[in-house]
Amino acid sequence: MENEKRIGVYICHCGLNIAGTVDVEELTEYAATLPNVVISRDYRYMCSDPGQDLIKNDIKELKLNRVVVASCSPRMHELTFRKACQAAGLNPYLYEHANIREHCSWVHADKKQATEKAKDLVRAAVQRVYYHEPLEIKEIPVNPNTLVVGAGIAGMEAALKLANGGHKVYLVEKEPSIGGHMIQLDTTFPTLDCSECIMTPKMSEVGHHPNIELLAYSEVEEVSGSVGNFKVRVKKKARYVDESKCIGCGVCEQKCPWKVPSEFEVGLGQRKAIYIPFAQAIPNIATVDKDYCVYIQSDGKKCGACIKVCEAGAIDFNQTDQIVELEVGAIILATGYDLLDPSQIPQYGYGKYDNVITALEFERMTCAGGPTSGKIQLKDGSVPRSVAIIHCVGSRDKNYREYCSKICCMYALKHAHHLRDKINADVYQMYIDMRCTGDAYEEFYKRVSEEGVVFIKGKVAEVTDRANSEEEKGRLVVVAEDTLLGRLVRIPVDMVILCPAMIPRADATEIARKFSITQKASGFFLERHAKLEPQVSAMDGVFLAGCCQFPKDIPDSVSHGRAAAAAALELIDRGSVATEAAIACVDETLCHGCGICEELCEFQAPKVVIKDGKMVSTVNEALCKGCGACAVACPSGAMSIKHFTRDEISSMIKALATVEK
Amino acid sequence: MTEFEPRIIVFACNWCTYAAADIAGTSRIQYPPNVRIIRVMCSGMVAPEHISLALESGADGVLVAGCHPGDCHYISGNLKAEERFQMVSKVASILGIEEGRVRLKWIATSEGPIFAQTIKDMVQELKKLGPSPFRKSEETGREKGASTLEDILQDTKAYYCLECSKCTSICPVAKYDLSYSPRSAIEDTMLGWGSEGIHDNKLFSCLGCYACSLRCPTDVDFPAFVRGVRSLAFDAGEHGCPAHGGFLHSVTRLMSRSPYAQKRLEWLTKEYRTSDRSDILYFVGCIPYFEPIFGYMDTKALDITRANLKILNHLGVEPMLLPDEKCCGHDALWTGDVETFQRLAEHNTKLIKESGVKKIIFSCPEGYRTFKLDYPEQGFELGCELQHISEFVAEKIEKKELRFKEVERKVTYQDPCRLGRHLGIYDSPRKVLEAIPGIELVEMEKNREYALCCGTSAFTNCDIYSHEMRVDRLREAKATGAEVLVTTCPKCQIHFKCAMNNKGEEKGPDINIEVMDLANLVASALE
């Protein structure tokens with residue numbers, strides 16, 4: 001008979017994991033008594049090949065048209081059994097899974113009660129599977145272009161892997177130049193490679209790659225669409241400099257009279273209102289900062305020095321922000337990190353004392369191309385004789401950030417090395433633990449210890465300029481408990497370097513919203529699975545690279561960026577993506593186009609259109625995620641979610657909530 | 001005697017709570033076996049009717065659980081879940097159901113231990129509250145299939161049908177749904193449509209508006225016929241297509257079986273005077289439930305009730321209000337759920353008899369009609385006079401006991417089916433409108449006994465045709481040039497507001513007009 005439902009039920013023992021608590025024989029016999037059940041079997045390991053064969057054979061020989069497996073969590077093996085059904089010619093959505101392990105045998109010790117509960121769960125699955133309908137899985141073609149947001153080391157690595165493989169990449173970078181934080185560093189641990197030396201060839205490669213379209217000084221405004229077919233609107237901010245004419249000679253910057261604190265130099269140095277952020281900038285083009293440019297602020301009445309001195313005639317104050325529409329199949333977010341502002345932690349004196357600086361400021365100081373030309377010096381220009389480096393400023397602290405920022409112990413060692421090497425200063429490392437987990441990291445720690453750096457295990461209570469003794473007068477005093485000695489120490493130093501927590505970018509929430517991804521409690525972007533999918537976000541087609549997902553060092557950022565590229569390649573090479581089958585659908589005899597669904601949906605899937613003169617909602621199947629929010633709100637019941645229809649859910653509720661009196 | 005073991009239903013979202021329960025399993029954290037988990041993709045997929053259905057089925061406790069705000073896999077599904085849950089909580093509290101029975105909690109993937117603890121806590125709390133009164137027990141009341149199709153055809157005079165199709169020509173449903181025909185429904189039945197026919201969804205499309213009776217030459221009571229057949233359909237498990245997921249019907253069923261004292265008078269403030277010793281009862285009806293359920297449309301349903309009280313107080317009446325009156329049972333009766341209707345009727349009849357009142361005043365024509373016609377027909381005798389507020393006010397106007405101040409508005413009037421064609425009351429509301437100085441009443445093209453129904457009855461089969469009917473009615477209202485469409489039925493008002501509740505970018509025809517209950521208009525005109 002056409003409408004006859006023939007259900008096969010399979011009870012898994014899972015070795016003793018289920019069978020040790022649930023009476024699987026009793027359960028199998030019970031399942032056989034349920035309406036429409038044609039066959040009920042049990043087996044030791046249903047997910048194994050012979051287990052799956054049981055299902056496949058029964059589908060063929062017993063003409064089953066519905067299958068239920070009671071075993072572990074569906075999050076483990078629903079897909080496995082759906083594929084088994086599919087292999088035997090049964091639509092994979094005619095399958096239902098009952099969780100009698102994680103939700104039953106593993107959490108209830110009483111065998112009788114566990115068996116009774118298992119019976120309820122199997123009964124509910126059998127009642128629900130009755131209402132399942134075959135669902136079509138549609139494949140839509142994937143756009144082979146990729147968008148990479150953020151051109152730090154992770155973003156650049158991702159872009160290069162894709163581009164070298166022959167695929168087109170749009171690389172969007174907020175700042176006037178690519179390079180991220182890594183280009184601000186002096187050397188990198190543990191090899192002490194010059195950061196710029198290893199990075200600039202990459203930056204050059206990115207800047208000249210035929211497959212990479214670089215949109216620097218640009219920001220993503222809006223994202224729509226879904227995996228395989230995203231539409232991204234990017235705002236190219238006006239530099240007021242014609243990119244095609246500017247040769248990056250820097251004369252405009254020399255002649256510009258208006259000085260501004262340089263973001264690249266982390267406030268230690270200055271730039272001008274028209275500037276190239278650093279010598280190796282790519283693109284090597286000047287940018288006018290409209291907030292400080294007097295010509296712009298005075299509506300063209302004052303200054304204009306750059307216009308006069310530019311031999312290439314590249315200055316163009318008529319420029320406006322441009323909007324560019326991109327179409328891509330995959331998106332990689334590599335937006336990086338910020339550092340916690342230590343002035344939030346007043347006891348360390350940041351912002352109060354001149355010579356308390358952050359580690360990144362110190363990087364700029366030791367960098368030969370930096371504001372002090374590589375000289376380590378105090379605010380007054382003199383050379384410090386002793387320096388304290390304070391670990392965990394804001395990290396590992398429930399008052400600020402609970403997590404460990406991973407890289408600080410290592411760069412603290414690096415700074416210590418440079419302090420010993422360049423100026424032979426006394427260095428005091430104020431640490432809680434030394435976390436040197438990478439390749440050659442522990443060896444680097446040993447080397448730095450051998451260089452005479454003093455390690456004091458104690459979280460610093462405060463940095464003060466109030467002297468308790470002659471020795472301390474005019475200096476900064478670091479107060480801590482040396483926990484290994486068990487006594488309080490006061491160490492007078494000239495400079496204090498703080499290792500601030502790595503934090504998500506200030507605009508992380510805004511970015512998350514634009515790309516429809518979520519943040520973890522820490523504010524970093526949430527990955528799909530902490531262990532197994534760190535480079536994939538919960539949003540299909542949006543991948544994560546680098547520190548925007550969580551603090552990591554350079555090799556890990558490189559790996560992460562390349563992993564994101566591989567994930568994007570997976571999509572692109574496959575060429576098409578399967579749409580979610582369990583999505584919303586509209587009963588057009590009930591829908592009157594009120595638009596409540598359209599207003600509610602976060603993914604812009606339902607849209608009210610005029611069809612045959614009537615207003616009716618239509619669902620974009622590529623965009624719908626099947627979350628169900630619209631179906632609940634639909635007043636007439638026109639909207640329903642396939643595989644989660646009223647009948648399917650209410651059959652489970654009745655089966656599970658009914659308690660025989 | 002075995003200790004009562006509560007049954008808890010958990011709606012767990014796939015991405016967070018279901019995973020948390022899995023982690024509790026992997027970690028072998030033990031918790032009581034009282035819980036049954038239903039996996040949904042998002043807590044935003046949990047509809048109000050899922051929660052009420054779980055309670056109806058006998059669950060002692062229901063837990064809706066999902067991702068923490070900010071972590072939803074679908075961005076804001078959990079926030080929607082929270083809004084809906086607040087509404088269900090409010091309805092449950094009006095029903096008198098203990099707060100601990102229905103809960104919402106955010107449980108993240110990593111919070112397996114919290115999941116287990118939540119279950120343990122809930123089991124303890126429910127043990128103290130005791131078993132749910134809605135646990136399935138032996139059926140009481142009406143036997144299934146008490147009426148046969150034969151009886152129904154006889155009682156409603158359907159056998160007299162001449163197959164002339166005059167009914168179909170005036171039927172508003174048939175006008176929009178070209179596949180619907182009252183004549184063919186009767187004809188099919190008489191030809192032995194029998195048991196297949198009760199599964200036809202169109203059976204639930206009849207609005208019971210009685211337009212057909214205006215034309216029928218032989219006294220066939222088609223709406224009663226449909227009602228009868230629907231009771232057979234209901235026994236066979238058919239419900240038509242309930243709107244709003246069937247939540248309203250579910251709430252009515254819970255109410256009918258509930259031993260709890262309702263909290264339906266929380267809105268009653270000291271400015272309204274009521275008395276336990278009055279001869280006059282004001283029947284509030286389902287409005288305290290409509291207020292939260294239709295809150296999303298900004299329908300301030302309770303304003304109607306407040307206006308009625310203001311009018312009665314102004315006229316020197318301090319009516320009795322029953323704190324535990326239940327739904328009149330109109331929708332239950334009209335969707336074939338005779339058992340629920342009988343429970344409700346029995347309860348209300350008992351309370352009214354005990355109260356000793358001599359007159360009941362209604363602001364809802366459905367309640368009025370049901371008490372006046374259906375209660376006696378089903379054997380529930382009230383022994384008191386029944387009136388609609390418009391009749392009461394019209395009488396006072398006649399006796400010159402009521403004066404109004406000027407309200408300058410041009411209005412038109414919708415005759416509700418249950419007040420008009422069912423009970424023949426067309427004049428009283430008009431007398432009231434005409435008595436207010438400044439009110440200009442302009443009649444719609446189809447008025448009085450020819451008034452077009454508002455499009456939906458018993459919150460069932462609310463489809464595209466219902467909407468088209470409403471749109472046409474609103475167009476008619478606007479064509480009169482009136483600023484306000486006055487009704488005397490809270491349901492009509494809800495349905496008209498729904499038609500105007502357009503949230504999409506595509507706006508459709510301009511049908512926006514202010515809709516107001518007569519009581520609100522009168523209350524604003526009181527001196």
# chains A, B, ... in the order shown; residues from 1 in each chain; ligands from 1
call {"tool": "interface_residues", "arguments": {"of": "chain B", "to": "chain A", "cutoff": "7 Å", "atoms": "only C-alpha atoms", "output": "PyMOL selection string"}}
result
chain B and resi 7+9+21-22+25-26+28-33+36+41-42+44-45+47+50+54+57-59+70-71+73-75+77+135-137+243-245+462-464+467+501-504+506
call {"tool": "residues_around", "arguments": {"residues": "stretch 425-430 of chain B", "least_positions_apart": "3", "cutoff": "10 Å", "atoms": "only C-alpha atoms", "output": "number ranges by chain"}}
result
B: 365, 388-395, 397, 412-422, 433-435, 441, 447-449, 486-488, 518-519
call {"tool": "select_by_dssp", "arguments": {"residues": "stretch 89-185 of chain A", "states": "strand (DSSP E or B)", "output": "list in words"}}
result
Tyr95, Glu96, His97, Ala98, Asn99, Glu139, Ile140, Pro141, Thr146, Leu147, Val148, Val149, Val169, Tyr170, Leu171 and Val172 of chain A
call {"tool": "write_last_selection", "arguments": {"atoms": "all heavy atoms", "output": "tab-separated table (two decimals), in the first residue's frame"}}
result
chain	number	residue	atom	x	y	z
A	95	TYR	N	14.67	9.02	8.49
A	95	TYR	CA	15.39	8.37	9.57
A	95	TYR	C	15.21	9.17	10.85
A	95	TYR	O	15.19	10.41	10.82
A	95	TYR	CB	16.88	8.30	9.19
A	95	TYR	CG	17.74	7.93	10.34
A	95	TYR	CD1	17.86	6.59	10.73
A	95	TYR	CD2	18.42	8.89	11.08
A	95	TYR	CE1	18.62	6.24	11.82
A	95	TYR	CE2	19.17	8.54	12.18
A	95	TYR	CZ	19.27	7.21	12.54
A	95	TYR	OH	20.02	6.86	13.63
A	96	GLU	N	15.08	8.50	11.99
A	96	GLU	CA	15.02	9.19	13.28
A	96	GLU	C	15.94	8.50	14.28
A	96	GLU	O	16.10	7.27	14.24
A	96	GLU	CB	13.57	9.21	13.81
A	96	GLU	CG	13.37	9.96	15.12
A	96	GLU	CD	13.70	11.46	15.03
A	96	GLU	OE1	13.61	12.03	13.93
A	96	GLU	OE2	14.03	12.03	16.08
A	97	HIS	N	16.52	9.28	15.15
A	97	HIS	CA	17.54	8.77	16.06
A	97	HIS	C	17.09	8.94	17.51
A	97	HIS	O	16.60	10.00	17.87
A	97	HIS	CB	18.82	9.59	15.82
A	97	HIS	CG	20.05	8.98	16.40
A	97	HIS	ND1	21.03	8.39	15.62
A	97	HIS	CD2	20.47	8.87	17.67
A	97	HIS	CE1	22.00	7.95	16.40
A	97	HIS	NE2	21.69	8.23	17.65
A	98	ALA	N	17.24	7.91	18.32
A	98	ALA	CA	16.91	8.02	19.75
A	98	ALA	C	18.20	7.93	20.56
A	98	ALA	O	19.00	7.01	20.34
A	98	ALA	CB	15.94	6.93	20.16
A	99	ASN	N	18.37	8.84	21.48
A	99	ASN	CA	19.59	8.90	22.28
A	99	ASN	C	19.39	8.13	23.58
A	99	ASN	O	18.81	8.66	24.54
A	99	ASN	CB	19.92	10.38	22.54
A	99	ASN	CG	21.21	10.56	23.32
A	99	ASN	OD1	21.71	9.66	23.96
A	99	ASN	ND2	21.76	11.77	23.24
A	139	GLU	N	21.92	21.15	-4.42
A	139	GLU	CA	23.31	21.63	-4.47
A	139	GLU	C	23.31	22.95	-5.22
A	139	GLU	O	22.73	23.07	-6.29
A	139	GLU	CB	24.17	20.62	-5.24
A	139	GLU	CG	24.29	19.26	-4.59
A	139	GLU	CD	25.48	19.18	-3.63
A	139	GLU	OE1	26.37	20.05	-3.70
A	139	GLU	OE2	25.51	18.23	-2.84
A	140	ILE	N	23.93	23.98	-4.61
A	140	ILE	CA	24.04	25.24	-5.35
A	140	ILE	C	25.51	25.51	-5.64
A	140	ILE	O	26.38	25.19	-4.83
A	140	ILE	CB	23.40	26.43	-4.59
A	140	ILE	CG1	23.83	26.44	-3.13
A	140	ILE	CG2	21.90	26.40	-4.71
A	140	ILE	CD1	23.39	27.68	-2.42
A	141	PRO	N	25.80	26.10	-6.80
A	141	PRO	CA	27.21	26.31	-7.18
A	141	PRO	C	27.88	27.33	-6.26
A	141	PRO	O	27.25	28.26	-5.78
A	141	PRO	CB	27.14	26.81	-8.61
A	141	PRO	CG	25.75	27.23	-8.84
A	141	PRO	CD	24.88	26.55	-7.84
A	146	THR	N	37.28	34.36	-2.89
A	146	THR	CA	37.26	34.39	-1.43
A	146	THR	C	37.53	35.80	-0.94
A	146	THR	O	38.28	36.54	-1.55
A	146	THR	CB	38.34	33.47	-0.84
A	146	THR	OG1	38.19	32.17	-1.41
A	146	THR	CG2	38.23	33.36	0.67
A	147	LEU	N	36.88	36.15	0.17
A	147	LEU	CA	37.15	37.43	0.82
A	147	LEU	C	37.96	37.16	2.07
A	147	LEU	O	37.59	36.32	2.88
A	147	LEU	CB	35.83	38.11	1.21
A	147	LEU	CG	35.96	39.33	2.13
A	147	LEU	CD1	36.60	40.50	1.41
A	147	LEU	CD2	34.59	39.74	2.68
A	148	VAL	N	39.08	37.84	2.21
A	148	VAL	CA	39.85	37.75	3.46
A	148	VAL	C	39.79	39.12	4.12
A	148	VAL	O	40.10	40.13	3.48
A	148	VAL	CB	41.32	37.35	3.21
A	148	VAL	CG1	42.11	37.34	4.53
A	148	VAL	CG2	41.39	35.98	2.56
A	149	VAL	N	39.34	39.16	5.36
A	149	VAL	CA	39.20	40.43	6.07
A	149	VAL	C	40.32	40.55	7.08
A	149	VAL	O	40.36	39.82	8.07
A	149	VAL	CB	37.83	40.52	6.76
A	149	VAL	CG1	37.65	41.87	7.44
A	149	VAL	CG2	36.72	40.28	5.76
A	169	VAL	N	41.40	36.26	-4.72
A	169	VAL	CA	41.15	36.65	-3.33
A	169	VAL	C	40.97	38.15	-3.25
A	169	VAL	O	41.74	38.90	-3.84
A	169	VAL	CB	42.35	36.26	-2.43
A	169	VAL	CG1	42.10	36.70	-1.00
A	169	VAL	CG2	42.60	34.76	-2.48
A	170	TYR	N	39.95	38.60	-2.54
A	170	TYR	CA	39.81	40.01	-2.19
A	170	TYR	C	40.34	40.15	-0.77
A	170	TYR	O	39.83	39.50	0.14
A	170	TYR	CB	38.34	40.45	-2.21
A	170	TYR	CG	37.70	40.38	-3.57
A	170	TYR	CD1	36.83	39.35	-3.88
A	170	TYR	CD2	37.99	41.33	-4.54
A	170	TYR	CE1	36.23	39.28	-5.13
A	170	TYR	CE2	37.39	41.27	-5.79
A	170	TYR	CZ	36.52	40.23	-6.08
A	170	TYR	OH	35.93	40.16	-7.32
A	171	LEU	N	41.36	40.97	-0.60
A	171	LEU	CA	41.94	41.14	0.74
A	171	LEU	C	41.59	42.55	1.21
A	171	LEU	O	42.05	43.54	0.63
A	171	LEU	CB	43.46	40.92	0.66
A	171	LEU	CG	44.27	41.04	1.95
A	171	LEU	CD1	43.75	40.10	3.03
A	171	LEU	CD2	45.74	40.72	1.66
A	172	VAL	N	40.75	42.63	2.23
A	172	VAL	CA	40.30	43.92	2.74
A	172	VAL	C	41.03	44.24	4.03
A	172	VAL	O	41.09	43.42	4.94
A	172	VAL	CB	38.77	43.89	2.99
A	172	VAL	CG1	38.30	45.14	3.72
A	172	VAL	CG2	38.04	43.76	1.67
call {"tool": "residues_around", "arguments": {"residues": "stretch 229-234 of chain B", "least_positions_apart": "6", "cutoff": "9 Å", "atoms": "only C-alpha atoms", "output": "compact mmCIF listing (two decimals) with all heavy atoms, in the first residue's frame"}}
result
# COMPACT_ATOMS: atom_id res chain seq x y z
N LYS B 144 -17.95 9.31 23.32
CA LYS B 144 -17.60 9.65 21.95
C LYS B 144 -18.68 9.13 21.02
O LYS B 144 -19.29 8.10 21.26
CB LYS B 144 -16.25 9.00 21.59
CG LYS B 144 -15.09 9.67 22.30
CD LYS B 144 -13.79 9.33 21.58
CE LYS B 144 -12.58 9.60 22.43
NZ LYS B 144 -12.49 10.95 22.94
N GLY B 145 -18.90 9.87 19.97
CA GLY B 145 -19.82 9.43 18.94
C GLY B 145 -21.25 9.33 19.43
O GLY B 145 -22.03 8.50 18.98
N ALA B 146 -21.61 10.24 20.39
CA ALA B 146 -22.97 10.18 20.92
C ALA B 146 -23.98 10.53 19.84
O ALA B 146 -25.07 9.97 19.80
CB ALA B 146 -23.10 11.12 22.10
N SER B 147 -23.58 11.46 18.96
CA SER B 147 -24.48 11.75 17.84
C SER B 147 -23.96 11.01 16.61
O SER B 147 -22.78 10.94 16.38
CB SER B 147 -24.48 13.24 17.51
OG SER B 147 -25.01 13.98 18.55
N THR B 148 -24.88 10.50 15.83
CA THR B 148 -24.45 9.92 14.56
C THR B 148 -24.72 10.93 13.48
O THR B 148 -25.43 11.92 13.69
CB THR B 148 -25.22 8.65 14.23
OG1 THR B 148 -26.61 9.02 14.10
CG2 THR B 148 -25.06 7.60 15.31
N LEU B 149 -24.21 10.65 12.32
CA LEU B 149 -24.42 11.54 11.18
C LEU B 149 -25.92 11.67 10.90
O LEU B 149 -26.42 12.75 10.60
CB LEU B 149 -23.69 10.95 9.98
CG LEU B 149 -23.29 11.92 8.87
CD1 LEU B 149 -22.63 13.15 9.42
CD2 LEU B 149 -22.37 11.20 7.90
N ILE B 152 -27.48 14.11 13.20
CA ILE B 152 -27.12 15.48 12.87
C ILE B 152 -27.93 15.98 11.68
O ILE B 152 -28.46 17.09 11.67
CB ILE B 152 -25.60 15.59 12.58
CG1 ILE B 152 -24.80 15.29 13.86
CG2 ILE B 152 -25.24 16.98 12.06
CD1 ILE B 152 -23.33 15.06 13.63
N SER B 195 -17.43 8.43 6.43
CA SER B 195 -16.24 8.60 7.28
C SER B 195 -15.08 9.27 6.56
O SER B 195 -14.24 9.86 7.20
CB SER B 195 -15.80 7.25 7.81
OG SER B 195 -15.61 6.38 6.73
N GLY B 197 -15.30 11.88 4.58
CA GLY B 197 -15.57 13.31 4.56
C GLY B 197 -15.15 14.06 5.81
O GLY B 197 -14.78 15.23 5.73
N ILE B 198 -15.20 13.39 6.95
CA ILE B 198 -14.84 14.13 8.16
C ILE B 198 -13.34 14.46 8.19
O ILE B 198 -12.89 15.22 9.03
CB ILE B 198 -15.23 13.39 9.46
CG1 ILE B 198 -14.64 11.99 9.46
CG2 ILE B 198 -16.73 13.37 9.63
CD1 ILE B 198 -14.94 11.24 10.75
N HIS B 199 -12.59 13.91 7.26
CA HIS B 199 -11.17 14.24 7.21
C HIS B 199 -10.90 15.39 6.26
O HIS B 199 -9.75 15.76 6.04
CB HIS B 199 -10.36 13.00 6.80
CG HIS B 199 -10.46 11.91 7.81
ND1 HIS B 199 -9.88 11.99 9.06
CD2 HIS B 199 -11.11 10.73 7.77
CE1 HIS B 199 -10.16 10.89 9.74
NE2 HIS B 199 -10.91 10.10 8.98
N ASP B 200 -11.96 15.96 5.67
CA ASP B 200 -11.78 17.07 4.74
C ASP B 200 -11.52 18.35 5.54
O ASP B 200 -12.32 18.74 6.38
CB ASP B 200 -13.05 17.21 3.88
CG ASP B 200 -12.91 18.31 2.84
OD1 ASP B 200 -11.85 18.98 2.78
OD2 ASP B 200 -13.88 18.51 2.08
N LEU B 203 -14.10 21.25 6.03
CA LEU B 203 -15.17 21.17 7.04
C LEU B 203 -15.00 22.27 8.08
O LEU B 203 -15.97 22.77 8.65
CB LEU B 203 -15.10 19.78 7.70
CG LEU B 203 -16.03 19.51 8.88
CD1 LEU B 203 -17.49 19.64 8.44
CD2 LEU B 203 -15.78 18.12 9.44
N PHE B 204 -13.74 22.68 8.30
CA PHE B 204 -13.48 23.69 9.33
C PHE B 204 -13.40 25.10 8.77
O PHE B 204 -12.99 26.02 9.46
CB PHE B 204 -12.19 23.33 10.09
CG PHE B 204 -12.37 22.17 11.01
CD1 PHE B 204 -12.23 20.87 10.53
CD2 PHE B 204 -12.70 22.35 12.33
CE1 PHE B 204 -12.43 19.77 11.37
CE2 PHE B 204 -12.89 21.26 13.19
CZ PHE B 204 -12.76 19.97 12.70
N GLY B 240 -9.00 20.54 11.83
CA GLY B 240 -8.87 21.58 10.82
C GLY B 240 -7.47 22.12 10.90
O GLY B 240 -6.53 21.38 11.22
N LEU B 333 -16.88 24.43 21.27
CA LEU B 333 -18.09 23.87 20.68
C LEU B 333 -18.05 23.93 19.17
O LEU B 333 -18.39 22.97 18.47
CB LEU B 333 -19.32 24.64 21.20
CG LEU B 333 -20.68 24.08 20.81
CD1 LEU B 333 -20.84 22.67 21.35
CD2 LEU B 333 -21.79 24.98 21.35
N TRP B 334 -17.57 25.06 18.63
CA TRP B 334 -17.57 25.24 17.19
C TRP B 334 -16.45 24.49 16.48
O TRP B 334 -16.41 24.46 15.26
CB TRP B 334 -17.52 26.74 16.83
CG TRP B 334 -18.86 27.38 17.01
CD1 TRP B 334 -19.35 27.92 18.16
CD2 TRP B 334 -19.90 27.49 16.04
NE1 TRP B 334 -20.63 28.38 17.97
CE2 TRP B 334 -21.00 28.14 16.68
CE3 TRP B 334 -20.02 27.13 14.70
CZ2 TRP B 334 -22.19 28.41 16.01
CZ3 TRP B 334 -21.20 27.41 14.03
CH2 TRP B 334 -22.27 28.05 14.69
N THR B 335 -15.49 23.92 17.24
CA THR B 335 -14.48 23.09 16.58
C THR B 335 -14.70 21.61 16.91
O THR B 335 -13.84 20.77 16.68
CB THR B 335 -13.04 23.48 16.99
OG1 THR B 335 -12.96 23.54 18.41
CG2 THR B 335 -12.65 24.80 16.38
N GLY B 336 -15.88 21.31 17.44
CA GLY B 336 -16.23 19.91 17.64
C GLY B 336 -15.76 19.31 18.95
O GLY B 336 -15.94 18.13 19.21
N ASP B 337 -15.16 20.15 19.82
CA ASP B 337 -14.66 19.63 21.09
C ASP B 337 -15.76 19.75 22.14
O ASP B 337 -15.73 20.61 23.02
CB ASP B 337 -13.41 20.42 21.50
CG ASP B 337 -12.70 19.82 22.69
OD1 ASP B 337 -13.21 18.83 23.26
OD2 ASP B 337 -11.64 20.36 23.08
N VAL B 338 -16.75 18.86 22.02
CA VAL B 338 -17.93 18.96 22.87
C VAL B 338 -17.59 18.69 24.33
O VAL B 338 -18.15 19.30 25.24
CB VAL B 338 -19.01 17.98 22.37
CG1 VAL B 338 -20.25 18.08 23.25
CG2 VAL B 338 -19.38 18.29 20.93
call {"tool": "select_by_dssp", "arguments": {"residues": "stretch 84-153 of chain A", "states": "alpha helix (DSSP H)", "output": "list of chain:residue names"}}
result
A:Ala84, A:Cys85, A:Gln86, A:Ala87, A:Lys111, A:Lys112, A:Gln113, A:Ala114, A:Thr115, A:Glu116, A:Lys117, A:Ala118, A:Lys119, A:Asp120, A:Leu121, A:Val122, A:Arg123, A:Ala124, A:Ala125, A:Val126, A:Gln127, A:Arg128, A:Val129, A:Ile153
call {"tool": "atom_distance", "arguments": {"atom1": "atom CA of B:Glu468", "atom2": "atom CA of B:Met444"}}
result
17.0 Å
